[in-house]
$ cat protein.cif   # mmCIF, C-alpha atoms
data_upload
loop_
_atom_site.group_PDB
_atom_site.id
_atom_site.type_symbol
_atom_site.label_atom_id
_atom_site.label_comp_id
_atom_site.auth_asym_id
_atom_site.auth_seq_id
_atom_site.Cartn_x
_atom_site.Cartn_y
_atom_site.Cartn_z
ATOM 1 C CA MET A 3 59.311 182.578 84.968
ATOM 2 C CA THR A 4 58.023 184.571 81.998
ATOM 3 C CA ASP A 5 59.533 187.633 80.255
ATOM 4 C CA LEU A 6 61.728 188.599 83.233
ATOM 5 C CA VAL A 7 63.253 192.084 82.978
ATOM 6 C CA LYS A 8 65.721 193.671 85.387
ATOM 7 C CA ARG A 9 67.346 197.080 84.956
ATOM 8 C CA TYR A 10 70.009 198.967 86.875
ATOM 9 C CA GLY A 11 69.426 202.580 85.962
ATOM 10 C CA ARG A 12 69.371 202.748 82.162
ATOM 11 C CA ARG A 13 71.161 199.422 81.755
ATOM 12 C CA THR A 14 68.998 196.352 81.117
ATOM 13 C CA VAL A 15 70.816 193.315 82.529
ATOM 14 C CA VAL A 16 67.986 190.781 82.096
ATOM 15 C CA ASP A 17 65.931 191.304 78.968
ATOM 16 C CA GLY A 18 62.784 189.184 78.614
ATOM 17 C CA VAL A 19 64.024 185.859 79.976
ATOM 18 C CA SER A 20 61.543 182.967 80.200
ATOM 19 C CA LEU A 21 62.444 179.682 81.886
ATOM 20 C CA THR A 22 60.669 176.695 83.428
ATOM 21 C CA VAL A 23 62.083 174.056 85.789
ATOM 22 C CA ASP A 24 59.814 171.100 86.501
ATOM 23 C CA ALA A 25 59.931 168.794 89.523
ATOM 24 C CA GLY A 26 62.915 166.460 89.367
ATOM 25 C CA GLN A 27 64.441 168.385 86.461
ATOM 26 C CA ALA A 28 67.810 170.130 86.314
ATOM 27 C CA VAL A 29 68.374 173.249 84.202
ATOM 28 C CA ALA A 30 71.756 174.929 83.767
ATOM 29 C CA LEU A 31 72.175 178.601 82.886
ATOM 30 C CA LEU A 32 75.356 178.934 80.860
ATOM 31 C CA GLY A 33 76.969 182.197 79.855
ATOM 32 C CA PRO A 34 79.897 184.578 80.294
ATOM 33 C CA ASN A 35 80.408 186.941 83.190
ATOM 34 C CA GLY A 36 77.853 189.736 82.913
ATOM 35 C CA ALA A 37 75.344 187.616 80.992
ATOM 36 C CA GLY A 38 72.635 188.203 83.627
ATOM 37 C CA LYS A 39 72.674 184.706 85.146
ATOM 38 C CA THR A 40 73.193 185.720 88.768
ATOM 39 C CA THR A 41 70.679 188.586 88.534
ATOM 40 C CA THR A 42 68.144 186.152 87.082
ATOM 41 C CA VAL A 43 68.487 183.694 89.960
ATOM 42 C CA GLU A 44 68.486 186.523 92.520
ATOM 43 C CA CYS A 45 65.127 187.673 91.142
ATOM 44 C CA ILE A 46 63.829 184.103 91.348
ATOM 45 C CA GLU A 47 65.041 183.872 94.939
ATOM 46 C CA GLY A 48 63.299 187.135 95.811
ATOM 47 C CA PHE A 49 66.530 188.981 96.599
ATOM 48 C CA ARG A 50 65.922 191.481 93.792
ATOM 49 C CA GLN A 51 62.684 193.022 92.561
ATOM 50 C CA PRO A 52 62.122 192.552 88.802
ATOM 51 C CA ASP A 53 61.206 195.498 86.601
ATOM 52 C CA GLY A 54 58.998 193.355 84.378
ATOM 53 C CA GLY A 55 57.713 189.850 83.805
ATOM 54 C CA GLN A 56 56.362 187.237 86.166
ATOM 55 C CA ILE A 57 58.001 184.726 88.508
ATOM 56 C CA ARG A 58 56.188 181.893 90.239
ATOM 57 C CA ILE A 59 57.676 179.163 92.434
ATOM 58 C CA PHE A 60 55.246 176.316 93.168
ATOM 59 C CA GLY A 61 52.599 178.786 92.005
ATOM 60 C CA LEU A 62 53.684 181.305 94.657
ATOM 61 C CA HIS A 63 55.168 184.795 94.401
ATOM 62 C CA PRO A 64 58.823 184.827 95.595
ATOM 63 C CA THR A 65 58.403 187.984 97.707
ATOM 64 C CA LYS A 66 54.691 188.252 98.550
ATOM 65 C CA ASP A 67 54.609 184.585 99.605
ATOM 66 C CA ARG A 68 58.161 184.575 100.925
ATOM 67 C CA ALA A 69 57.567 182.524 104.074
ATOM 68 C CA ALA A 70 55.870 179.729 102.140
ATOM 69 C CA VAL A 71 58.501 179.774 99.396
ATOM 70 C CA THR A 72 61.666 179.876 101.504
ATOM 71 C CA SER A 73 60.742 176.753 103.439
ATOM 72 C CA ARG A 74 60.746 174.798 100.172
ATOM 73 C CA VAL A 75 63.763 176.317 98.408
ATOM 74 C CA GLY A 76 67.472 175.835 99.057
ATOM 75 C CA VAL A 77 69.846 178.531 97.846
ATOM 76 C CA MET A 78 73.602 178.476 97.369
ATOM 77 C CA LEU A 79 75.017 181.886 96.471
ATOM 78 C CA GLN A 80 78.483 182.678 95.114
ATOM 79 C CA GLU A 81 79.205 184.350 98.465
ATOM 80 C CA GLY A 82 77.340 182.781 101.352
ATOM 81 C CA GLY A 83 77.597 185.433 104.084
ATOM 82 C CA VAL A 84 77.983 182.781 106.817
ATOM 83 C CA TRP A 85 78.930 183.928 110.327
ATOM 84 C CA GLN A 86 82.723 183.767 110.171
ATOM 85 C CA ALA A 87 83.353 183.138 113.878
ATOM 86 C CA ALA A 88 81.174 180.011 113.970
ATOM 87 C CA SER A 89 82.151 176.513 112.895
ATOM 88 C CA PRO A 90 80.521 174.543 110.048
ATOM 89 C CA ARG A 91 78.927 172.173 112.565
ATOM 90 C CA GLU A 92 77.494 175.056 114.616
ATOM 91 C CA VAL A 93 76.099 176.830 111.560
ATOM 92 C CA LEU A 94 74.547 173.661 110.147
ATOM 93 C CA ARG A 95 72.926 172.778 113.478
ATOM 94 C CA LEU A 96 71.518 176.311 113.723
ATOM 95 C CA TYR A 97 70.055 176.127 110.209
ATOM 96 C CA ALA A 98 68.676 172.648 110.840
ATOM 97 C CA ARG A 99 66.543 174.016 113.678
ATOM 98 C CA LEU A 100 64.684 176.214 111.192
ATOM 99 C CA TYR A 101 63.165 173.234 109.350
ATOM 100 C CA PRO A 102 60.658 170.643 110.594
ATOM 101 C CA SER A 103 62.437 167.686 108.955
ATOM 102 C CA ALA A 104 66.013 168.785 108.369
ATOM 103 C CA VAL A 105 68.826 166.572 107.187
ATOM 104 C CA ASN A 106 71.172 165.466 109.964
ATOM 105 C CA PRO A 107 74.020 168.041 109.899
ATOM 106 C CA ASP A 108 76.613 165.376 110.637
ATOM 107 C CA ASP A 109 75.466 163.410 107.580
ATOM 108 C CA LEU A 110 75.989 166.475 105.383
ATOM 109 C CA ILE A 111 79.391 167.103 106.935
ATOM 110 C CA GLU A 112 80.417 163.565 106.048
ATOM 111 C CA ARG A 113 78.937 163.590 102.531
ATOM 112 C CA LEU A 114 80.609 166.900 101.653
ATOM 113 C CA ASP A 115 83.990 165.989 103.187
ATOM 114 C CA LEU A 116 83.899 168.700 105.856
ATOM 115 C CA GLY A 117 84.827 166.441 108.770
ATOM 116 C CA ARG A 118 88.379 167.748 109.126
ATOM 117 C CA VAL A 119 87.149 171.343 109.450
ATOM 118 C CA ALA A 120 83.799 170.740 111.172
ATOM 119 C CA THR A 121 84.914 172.535 114.352
ATOM 120 C CA ALA A 122 87.169 175.148 112.707
ATOM 121 C CA LYS A 123 86.125 178.774 112.323
ATOM 122 C CA VAL A 124 84.452 179.508 108.994
ATOM 123 C CA ARG A 125 86.909 182.349 108.358
ATOM 124 C CA THR A 126 89.795 179.834 108.311
ATOM 125 C CA LEU A 127 88.266 177.608 105.615
ATOM 126 C CA SER A 128 89.603 177.479 102.073
ATOM 127 C CA GLY A 129 87.465 178.638 99.159
ATOM 128 C CA GLY A 130 86.482 175.087 98.280
ATOM 129 C CA GLU A 131 85.536 174.268 101.857
ATOM 130 C CA LYS A 132 83.366 177.373 102.085
ATOM 131 C CA GLN A 133 81.633 176.310 98.862
ATOM 132 C CA ARG A 134 80.896 172.884 100.336
ATOM 133 C CA LEU A 135 79.554 174.480 103.518
ATOM 134 C CA ASN A 136 77.301 176.777 101.461
ATOM 135 C CA LEU A 137 76.007 173.736 99.589
ATOM 136 C CA ALA A 138 75.356 171.909 102.869
ATOM 137 C CA LEU A 139 73.360 174.903 104.116
ATOM 138 C CA ALA A 140 71.291 174.861 100.921
ATOM 139 C CA LEU A 141 70.562 171.147 101.384
ATOM 140 C CA VAL A 142 69.862 170.972 105.101
ATOM 141 C CA GLY A 143 66.144 171.843 104.794
ATOM 142 C CA ARG A 144 65.383 169.103 102.213
ATOM 143 C CA PRO A 145 64.421 171.618 99.494
ATOM 144 C CA GLU A 146 62.018 170.884 96.681
ATOM 145 C CA LEU A 147 63.880 173.409 94.526
ATOM 146 C CA LEU A 148 67.637 173.863 94.800
ATOM 147 C CA ILE A 149 69.202 176.994 93.282
ATOM 148 C CA LEU A 150 72.989 176.885 92.914
ATOM 149 C CA ASP A 151 75.161 179.771 91.707
ATOM 150 C CA GLU A 152 78.530 178.420 90.485
ATOM 151 C CA PRO A 153 78.332 175.437 92.877
ATOM 152 C CA SER A 154 81.678 173.708 92.225
ATOM 153 C CA THR A 155 83.989 176.729 92.076
ATOM 154 C CA GLY A 156 87.086 176.053 94.181
ATOM 155 C CA MET A 157 86.367 172.357 94.701
ATOM 156 C CA ASP A 158 89.093 169.838 93.882
ATOM 157 C CA PRO A 159 88.214 167.230 91.218
ATOM 158 C CA GLU A 160 87.455 164.405 93.659
ATOM 159 C CA VAL A 161 85.100 166.456 95.817
ATOM 160 C CA ARG A 162 83.505 168.020 92.754
ATOM 161 C CA ALA A 163 82.711 164.577 91.305
ATOM 162 C CA ALA A 164 81.287 163.432 94.654
ATOM 163 C CA THR A 165 79.152 166.587 94.849
ATOM 164 C CA TRP A 166 77.757 166.009 91.367
ATOM 165 C CA ALA A 167 76.948 162.400 92.282
ATOM 166 C CA MET A 168 75.153 163.531 95.452
ATOM 167 C CA LEU A 169 73.071 166.080 93.525
ATOM 168 C CA GLY A 170 72.141 163.410 91.002
ATOM 169 C CA GLU A 171 71.028 161.088 93.799
ATOM 170 C CA LEU A 172 69.023 163.896 95.388
ATOM 171 C CA ARG A 173 67.066 164.439 92.180
ATOM 172 C CA ARG A 174 66.428 160.735 91.650
ATOM 173 C CA ASP A 175 65.473 159.970 95.257
ATOM 174 C CA THR A 176 63.409 163.035 96.173
ATOM 175 C CA GLY A 177 62.365 164.672 92.895
ATOM 176 C CA THR A 178 64.147 167.886 93.846
ATOM 177 C CA ALA A 179 64.299 170.407 90.995
ATOM 178 C CA LEU A 180 67.687 171.973 90.296
ATOM 179 C CA LEU A 181 68.551 175.343 88.754
ATOM 180 C CA LEU A 182 72.238 176.151 88.500
ATOM 181 C CA THR A 183 74.454 178.758 86.911
ATOM 182 C CA THR A 184 77.878 177.601 85.810
ATOM 183 C CA HIS A 185 80.889 178.268 83.629
ATOM 184 C CA ASN A 186 81.868 174.603 83.796
ATOM 185 C CA MET A 187 80.774 172.754 80.659
ATOM 186 C CA THR A 188 81.292 169.337 82.228
ATOM 187 C CA GLU A 189 79.145 170.371 85.179
ATOM 188 C CA ALA A 190 76.324 171.404 82.860
ATOM 189 C CA GLU A 191 76.610 168.201 80.828
ATOM 190 C CA THR A 192 76.721 166.042 83.984
ATOM 191 C CA LEU A 193 73.894 167.617 85.970
ATOM 192 C CA ALA A 194 71.488 169.281 83.566
ATOM 193 C CA ASP A 195 68.597 167.865 81.569
ATOM 194 C CA ARG A 196 68.403 171.191 79.736
ATOM 195 C CA VAL A 197 70.867 173.979 79.124
ATOM 196 C CA ALA A 198 69.923 177.613 78.506
ATOM 197 C CA VAL A 199 72.638 179.765 76.940
ATOM 198 C CA MET A 200 72.535 183.370 78.163
ATOM 199 C CA ALA A 201 74.453 186.395 76.915
ATOM 200 C CA ARG A 202 73.807 190.122 77.242
ATOM 201 C CA GLY A 203 70.691 189.530 79.302
ATOM 202 C CA ARG A 204 68.904 187.203 76.900
ATOM 203 C CA VAL A 205 68.421 183.458 76.502
ATOM 204 C CA LEU A 206 69.812 182.739 73.054
ATOM 205 C CA ALA A 207 69.120 179.006 72.889
ATOM 206 C CA GLU A 208 67.727 176.261 75.107
ATOM 207 C CA GLY A 209 67.659 172.482 74.855
ATOM 208 C CA THR A 210 69.427 169.317 75.879
ATOM 209 C CA THR A 211 73.185 169.179 75.417
ATOM 210 C CA ALA A 212 72.706 166.814 72.485
ATOM 211 C CA GLU A 213 70.171 169.132 70.831
ATOM 212 C CA LEU A 214 72.429 172.177 71.144
ATOM 213 C CA VAL A 215 75.511 170.329 69.914
ATOM 214 C CA ASN A 216 73.677 168.713 67.005
ATOM 215 C CA THR A 217 72.239 172.081 65.966
ATOM 216 C CA TYR A 218 75.210 174.375 66.507
ATOM 217 C CA ALA A 219 78.364 172.216 66.616
ATOM 218 C CA PRO A 220 77.755 168.813 65.013
ATOM 219 C CA ALA A 221 80.543 166.395 64.168
ATOM 220 C CA GLY A 222 82.379 167.177 60.973
ATOM 221 C CA VAL A 223 84.875 169.624 59.531
ATOM 222 C CA THR A 224 84.471 173.365 60.055
ATOM 223 C CA VAL A 225 86.569 175.790 58.047
ATOM 224 C CA SER A 226 86.939 179.560 58.024
ATOM 225 C CA THR A 227 87.723 181.414 54.812
ATOM 226 C CA PRO A 228 87.744 185.031 53.662
ATOM 227 C CA ASP A 229 86.733 183.884 50.170
ATOM 228 C CA GLU A 230 83.242 183.319 48.839
ATOM 229 C CA ILE A 231 82.402 179.697 48.037
ATOM 230 C CA ASP A 232 79.444 177.835 46.587
ATOM 231 C CA PRO A 233 78.407 175.271 49.229
ATOM 232 C CA ASP A 234 76.656 173.120 46.633
ATOM 233 C CA VAL A 235 79.866 172.817 44.599
ATOM 234 C CA LEU A 236 81.878 171.868 47.697
ATOM 235 C CA ALA A 237 79.234 169.356 48.780
ATOM 236 C CA ALA A 238 79.252 167.664 45.372
ATOM 237 C CA SER A 239 83.033 167.447 45.422
ATOM 238 C CA VAL A 240 83.473 165.998 48.946
ATOM 239 C CA GLY A 241 80.276 163.921 48.983
ATOM 240 C CA ALA A 242 78.801 165.326 52.201
ATOM 241 C CA PRO A 243 76.269 168.008 53.272
ATOM 242 C CA VAL A 244 77.733 171.489 53.535
ATOM 243 C CA ARG A 245 76.357 174.459 55.470
ATOM 244 C CA THR A 246 77.621 178.021 55.482
ATOM 245 C CA ASP A 247 76.584 181.059 57.506
ATOM 246 C CA GLY A 248 77.543 183.484 54.760
ATOM 247 C CA ALA A 249 80.209 185.062 56.976
ATOM 248 C CA GLY A 250 83.175 182.877 56.111
ATOM 249 C CA VAL A 251 82.366 179.801 58.238
ATOM 250 C CA VAL A 252 81.651 176.540 56.396
ATOM 251 C CA HIS A 253 80.693 173.250 58.078
ATOM 252 C CA VAL A 254 80.843 169.845 56.395
ATOM 253 C CA ASP A 255 78.721 167.200 58.140
ATOM 254 C CA VAL A 256 80.379 163.814 58.520
ATOM 255 C CA ASP A 257 80.443 160.815 60.844
ATOM 256 C CA PRO A 258 83.052 161.329 63.637
ATOM 257 C CA SER A 259 85.030 158.289 62.417
ATOM 258 C CA GLU A 260 85.545 159.937 59.009
ATOM 259 C CA THR A 261 86.595 163.434 60.055
ATOM 260 C CA ALA A 262 90.308 162.963 59.260
ATOM 261 C CA ALA A 263 89.597 161.751 55.710
ATOM 262 C CA MET A 264 87.044 164.530 55.199
ATOM 263 C CA MET A 265 89.508 167.175 56.376
ATOM 264 C CA SER A 266 91.926 165.996 53.682
ATOM 265 C CA ARG A 267 89.231 166.152 50.990
ATOM 266 C CA VAL A 268 88.116 169.630 52.073
ATOM 267 C CA THR A 269 91.611 171.112 52.274
ATOM 268 C CA GLU A 270 92.522 169.567 48.900
ATOM 269 C CA TRP A 271 89.385 171.100 47.350
ATOM 270 C CA PHE A 272 90.289 174.545 48.702
ATOM 271 C CA ALA A 273 93.819 174.146 47.312
ATOM 272 C CA ARG A 274 92.545 173.130 43.860
ATOM 273 C CA GLN A 275 90.198 176.121 43.790
ATOM 274 C CA GLY A 276 92.943 178.495 44.885
ATOM 275 C CA LEU A 277 90.894 179.533 47.944
ATOM 276 C CA THR A 278 92.253 180.578 51.319
ATOM 277 C CA LEU A 279 91.744 178.588 54.516
ATOM 278 C CA SER A 280 92.130 180.705 57.650
ATOM 279 C CA GLY A 281 91.089 177.985 60.111
ATOM 280 C CA VAL A 282 90.121 174.307 60.277
ATOM 281 C CA THR A 283 88.565 172.321 63.151
ATOM 282 C CA THR A 284 87.377 168.719 63.139
ATOM 283 C CA GLY A 285 85.287 166.261 65.121
ATOM 284 C CA GLY A 286 82.266 166.610 67.381
ATOM 285 C CA GLN A 287 82.746 170.017 68.905
ATOM 286 C CA GLY A 288 80.876 169.603 72.206
ATOM 287 C CA LEU A 289 78.863 171.975 74.377
ATOM 288 C CA GLU A 290 81.491 174.701 74.574
ATOM 289 C CA SER A 291 81.714 174.920 70.791
ATOM 290 C CA ALA A 292 77.920 174.994 70.590
ATOM 291 C CA TYR A 293 77.875 177.850 73.100
ATOM 292 C CA LEU A 294 80.482 179.812 71.155
ATOM 293 C CA GLU A 295 78.590 179.284 67.908
ATOM 294 C CA ILE A 296 75.278 180.343 69.478
ATOM 295 C CA THR A 297 76.742 183.612 70.721
ATOM 296 C CA ARG A 298 78.655 184.180 67.483
ATOM 297 C CA GLN A 299 75.454 183.871 65.477
ATOM 298 C CA ALA A 300 73.679 186.275 67.839
ATOM 299 C CA PHE A 301 76.361 188.944 68.125
ATOM 300 C CA GLY A 302 78.860 188.339 65.324
ATOM 301 C CA GLU A 303 81.508 187.176 67.779
ATOM 302 C CA PRO A 304 81.570 184.513 70.491
ATOM 303 C CA ALA A 305 80.981 185.613 74.083
ATOM 304 C CA ALA A 306 84.048 184.130 75.743
ATOM 305 C CA LEU A 307 83.671 182.008 78.850
ATOM 306 C CA PRO A 308 86.166 182.429 81.685
ATOM 307 C CA ASP A 309 88.477 179.560 82.550
ATOM 308 C CA ALA A 310 86.386 177.118 84.590
ATOM 309 C CA THR A 311 89.420 175.488 86.224
ATOM 310 C CA PRO A 312 89.253 176.044 90.006
ATOM 311 C CA LEU A 313 92.017 178.465 90.996
ATOM 312 C CA GLU A 314 91.670 178.301 94.767
ATOM 313 C CA PRO A 315 93.021 175.078 96.305
ATOM 314 C CA THR A 316 91.117 173.150 98.921
ATOM 315 C CA ARG A 317 92.714 171.897 102.066
#
$ encode --input "protein.cif" --output "structure tokens"
Amino acid sequence: MTDLVKRYGRRTVVDGVSLTVDAGQAVALLGPNGAGKTTTVECIEGFRQPDGGQIRIFGLHPTKDRAAVTSRVGVMLQEGGVWQAASPREVLRLYARLYPSAVNPDDLIERLDLGRVATAKVRTLSGGEKQRLNLALALVGRPELLILDEPSTGMDPEVRAATWAMLGELRRDTGTALLLTTHNMTEAETLADRVAVMARGRVLAEGTTAELVNTYAPAGVTVSTPDEIDPDVLAASVGAPVRTDGAGVVHVDVDPSETAAMMSRVTEWFARQGLTLSGVTTGGQGLESAYLEITRQAFGEPAALPDATPLEPTR
């Protein structure tokens, strides 16, 4: 996908996004609600027509070559649109008939813990159970590319961990490529080889989790201050590299085992200089902190992520 653009009227919701997913690779799109993640994957899937750019899946056009593409791609949407009066077993068996070498529906039912509701009506399933059924439907055709939109929403922790393990096995055993959108940082860290941070329709940064964390939220002490400081003077005093963005945020690089001692040195230095500290954080900040820093640098304020904790209980 190169320079993808999608507009709704005068509003540009995807603004020049480029992304590549190779065979056997997993890429996570991370960003707040309204970032353009779902619209991006819907254009890739051929559900929406782009206003600019180019999309190719296995070298094929997602709409002009739709028949050839759909047989090789599995899609899990946020809302699946499954026939509500059918049962999971009936729906899976129906879908399995559409593929020449489908996965055994009963195997998917077992792997995704749907056995207790296999003969129930879809409309009676909990949110987490519907998510697992949607995932099973995406997997039944043995896809070469699997596109997942918020795949673990509503799943309880045990089933979510089992689902992540199954997706990891799928990649290792079959070379299936994986593109997912998520608000769950642990999900991105667990499944993805690369993470692309999206906000306001653009990809702001892309890399492995380690690359993004090391660049935007490395271990150390980060302080906020309304006062101007000389980073070279602070660095000489505390004996560690100091970086500042010029907007009141100062980061002191340090080994994670020394963050407590460094915090004391930094706060003492600020006190001696008569400078104000409005905030202090310590330690390796992780992917979420990297995401917040990426969006803060781009827009002057972090683009907040919604709470990723599943709110809808499973049965």
$ closest_residue --input "protein.cif" --among "A:Ser154, A:Pro159, A:Asp234, A:Gly143" --to "A:Pro107" --atoms "all atoms listed in the file"
A:Gly143
$ closest_residue --input "protein.cif" --among "A:Ala198, A:Ala249, A:Ile46, A:Ala238" --to "A:Leu32" --atoms "only C-alpha atoms"
A:Ala198
$ closest_residue --input "protein.cif" --among "A:Gly209, A:Ala242, A:Thr278, A:His185" --to "A:Asp229" --atoms "only C-alpha atoms"
A:Thr278
$ closest_residue --input "protein.cif" --among "A:Val19, A:Val197, A:Leu277, A:Leu180" --to "A:Glu290" --atoms "all atoms listed in the file"
A:Val197
$ closest_residue --input "protein.cif" --among "A:Val268, A:Ala30, A:Ala120, A:Leu127" --to "A:Ala207" --atoms "only C-alpha atoms"
A:Ala30
$ resolve_selection --input "protein.cif" --expression "the PyMOL selection byres ((chain A and resi 77) around 10)" --output "ChimeraX atom specification"
/A:43-44,47,72,75-76,78-80,82,136-141,145,147-151,181-182
$ resolve_selection --input "protein.cif" --expression "the PyMOL selection byres ((chain A and resi 90-92) around 10)" --output "JSON list (two decimals) with C-alpha atoms, in the coordinates of the input"
[["chain", "number", "residue", "atom", "x", "y", "z"],
["A", 84, "VAL", "CA", 77.98, 182.78, 106.82],
["A", 85, "TRP", "CA", 78.93, 183.93, 110.33],
["A", 86, "GLN", "CA", 82.72, 183.77, 110.17],
["A", 87, "ALA", "CA", 83.35, 183.14, 113.88],
["A", 88, "ALA", "CA", 81.17, 180.01, 113.97],
["A", 89, "SER", "CA", 82.15, 176.51, 112.90],
["A", 93, "VAL", "CA", 76.10, 176.83, 111.56],
["A", 94, "LEU", "CA", 74.55, 173.66, 110.15],
["A", 95, "ARG", "CA", 72.93, 172.78, 113.48],
["A", 96, "LEU", "CA", 71.52, 176.31, 113.72],
["A", 97, "TYR", "CA", 70.06, 176.13, 110.21],
["A", 98, "ALA", "CA", 68.68, 172.65, 110.84],
["A", 107, "PRO", "CA", 74.02, 168.04, 109.90],
["A", 108, "ASP", "CA", 76.61, 165.38, 110.64],
["A", 110, "LEU", "CA", 75.99, 166.48, 105.38],
["A", 111, "ILE", "CA", 79.39, 167.10, 106.94],
["A", 116, "LEU", "CA", 83.90, 168.70, 105.86],
["A", 117, "GLY", "CA", 84.83, 166.44, 108.77],
["A", 119, "VAL", "CA", 87.15, 171.34, 109.45],
["A", 120, "ALA", "CA", 83.80, 170.74, 111.17],
["A", 121, "THR", "CA", 84.91, 172.54, 114.35],
["A", 122, "ALA", "CA", 87.17, 175.15, 112.71],
["A", 123, "LYS", "CA", 86.12, 178.77, 112.32],
["A", 124, "VAL", "CA", 84.45, 179.51, 108.99],
["A", 127, "LEU", "CA", 88.27, 177.61, 105.62],
["A", 131, "GLU", "CA", 85.54, 174.27, 101.86],
["A", 132, "LYS", "CA", 83.37, 177.37, 102.08],
["A", 134, "ARG", "CA", 80.90, 172.88, 100.34],
["A", 135, "LEU", "CA", 79.55, 174.48, 103.52],
["A", 136, "ASN", "CA", 77.30, 176.78, 101.46],
["A", 138, "ALA", "CA", 75.36, 171.91, 102.87],
["A", 139, "LEU", "CA", 73.36, 174.90, 104.12]]
$ residues_around --input "protein.cif" --residues "A:Met3" --least-positions-apart "5" --cutoff "12 Å" --atoms "only C-alpha atoms" --output "list in words"
Gly18, Val19, Ser20, Leu21, Thr22, Val23, Asp24, Thr42, Val43, Cys45, Ile46, Glu47, Pro52, Gly54, Gly55, Gln56, Ile57, Arg58, Ile59, Phe60, Gly61, Leu62, His63 and Pro64 of chain A
$ write_last_selection --input "protein.cif" --atoms "C-alpha atoms" --output "PDB file, in the frame of the given file"
ATOM      1  CA  GLY A  18      62.784 189.184  78.614  1.00  0.00           C
ATOM      2  CA  VAL A  19      64.024 185.859  79.976  1.00  0.00           C
ATOM      3  CA  SER A  20      61.543 182.967  80.200  1.00  0.00           C
ATOM      4  CA  LEU A  21      62.444 179.682  81.886  1.00  0.00           C
ATOM      5  CA  THR A  22      60.669 176.695  83.428  1.00  0.00           C
ATOM      6  CA  VAL A  23      62.083 174.056  85.789  1.00  0.00           C
ATOM      7  CA  ASP A  24      59.814 171.100  86.501  1.00  0.00           C
ATOM      8  CA  THR A  42      68.144 186.152  87.082  1.00  0.00           C
ATOM      9  CA  VAL A  43      68.487 183.694  89.960  1.00  0.00           C
ATOM     10  CA  CYS A  45      65.127 187.673  91.142  1.00  0.00           C
ATOM     11  CA  ILE A  46      63.829 184.103  91.348  1.00  0.00           C
ATOM     12  CA  GLU A  47      65.041 183.872  94.939  1.00  0.00           C
ATOM     13  CA  PRO A  52      62.122 192.552  88.802  1.00  0.00           C
ATOM     14  CA  GLY A  54      58.998 193.355  84.378  1.00  0.00           C
ATOM     15  CA  GLY A  55      57.713 189.850  83.805  1.00  0.00           C
ATOM     16  CA  GLN A  56      56.362 187.237  86.166  1.00  0.00           C
ATOM     17  CA  ILE A  57      58.001 184.726  88.508  1.00  0.00           C
ATOM     18  CA  ARG A  58      56.188 181.893  90.239  1.00  0.00           C
ATOM     19  CA  ILE A  59      57.676 179.163  92.434  1.00  0.00           C
ATOM     20  CA  PHE A  60      55.246 176.316  93.168  1.00  0.00           C
ATOM     21  CA  GLY A  61      52.599 178.786  92.005  1.00  0.00           C
ATOM     22  CA  LEU A  62      53.684 181.305  94.657  1.00  0.00           C
ATOM     23  CA  HIS A  63      55.168 184.795  94.401  1.00  0.00           C
ATOM     24  CA  PRO A  64      58.823 184.827  95.595  1.00  0.00           C
TER      25      PRO A  64
END
$ closest_residue --input "protein.cif" --among "A:Glu171, A:Leu31, A:Thr188, A:Gly130" --to "A:Gly156" --atoms "all atoms listed in the file"
A:Gly130
$ residues_around --input "protein.cif" --residues "A:Val225" --least-positions-apart "4" --cutoff "9 Å" --atoms "all atoms listed in the file" --output "ChimeraX atom specification"
/A:250-254,268-269,279-284
$ atom_distance --input "protein.cif" --atom1 "atom CA of A:Asn216" --atom2 "atom CA of A:Arg267"
22.5 Å
$ build_atoms --input "protein.cif" --residues "stretch 42-51 of chain A" --atoms "N, CA and C atoms" --output "PDB file, in the coordinates of the input"
ATOM      1  N   THR A  42      69.347 186.951  87.329  1.00  0.00           N
ATOM      2  CA  THR A  42      68.144 186.152  87.082  1.00  0.00           C
ATOM      3  C   THR A  42      67.807 185.292  88.290  1.00  0.00           C
ATOM      4  N   VAL A  43      68.788 184.570  88.826  1.00  0.00           N
ATOM      5  CA  VAL A  43      68.487 183.694  89.960  1.00  0.00           C
ATOM      6  C   VAL A  43      68.197 184.512  91.221  1.00  0.00           C
ATOM      7  N   GLU A  44      68.788 185.688  91.359  1.00  0.00           N
ATOM      8  CA  GLU A  44      68.486 186.523  92.520  1.00  0.00           C
ATOM      9  C   GLU A  44      67.047 187.042  92.463  1.00  0.00           C
ATOM     10  N   CYS A  45      66.543 187.296  91.268  1.00  0.00           N
ATOM     11  CA  CYS A  45      65.127 187.673  91.142  1.00  0.00           C
ATOM     12  C   CYS A  45      64.232 186.484  91.481  1.00  0.00           C
ATOM     13  N   ILE A  46      64.606 185.305  91.027  1.00  0.00           N
ATOM     14  CA  ILE A  46      63.829 184.103  91.348  1.00  0.00           C
ATOM     15  C   ILE A  46      63.799 183.876  92.849  1.00  0.00           C
ATOM     16  N   GLU A  47      64.935 184.087  93.496  1.00  0.00           N
ATOM     17  CA  GLU A  47      65.041 183.872  94.939  1.00  0.00           C
ATOM     18  C   GLU A  47      64.326 184.941  95.747  1.00  0.00           C
ATOM     19  N   GLY A  48      63.962 186.051  95.102  1.00  0.00           N
ATOM     20  CA  GLY A  48      63.299 187.135  95.811  1.00  0.00           C
ATOM     21  C   GLY A  48      64.246 188.149  96.404  1.00  0.00           C
ATOM     22  N   PHE A  49      65.545 188.034  96.076  1.00  0.00           N
ATOM     23  CA  PHE A  49      66.530 188.981  96.599  1.00  0.00           C
ATOM     24  C   PHE A  49      66.523 190.291  95.832  1.00  0.00           C
ATOM     25  N   ARG A  50      66.025 190.267  94.598  1.00  0.00           N
ATOM     26  CA  ARG A  50      65.922 191.481  93.792  1.00  0.00           C
ATOM     27  C   ARG A  50      64.515 191.579  93.209  1.00  0.00           C
ATOM     28  N   GLN A  51      64.022 192.794  93.095  1.00  0.00           N
ATOM     29  CA  GLN A  51      62.684 193.022  92.561  1.00  0.00           C
ATOM     30  C   GLN A  51      62.759 193.218  91.054  1.00  0.00           C
TER      31      GLN A  51
END
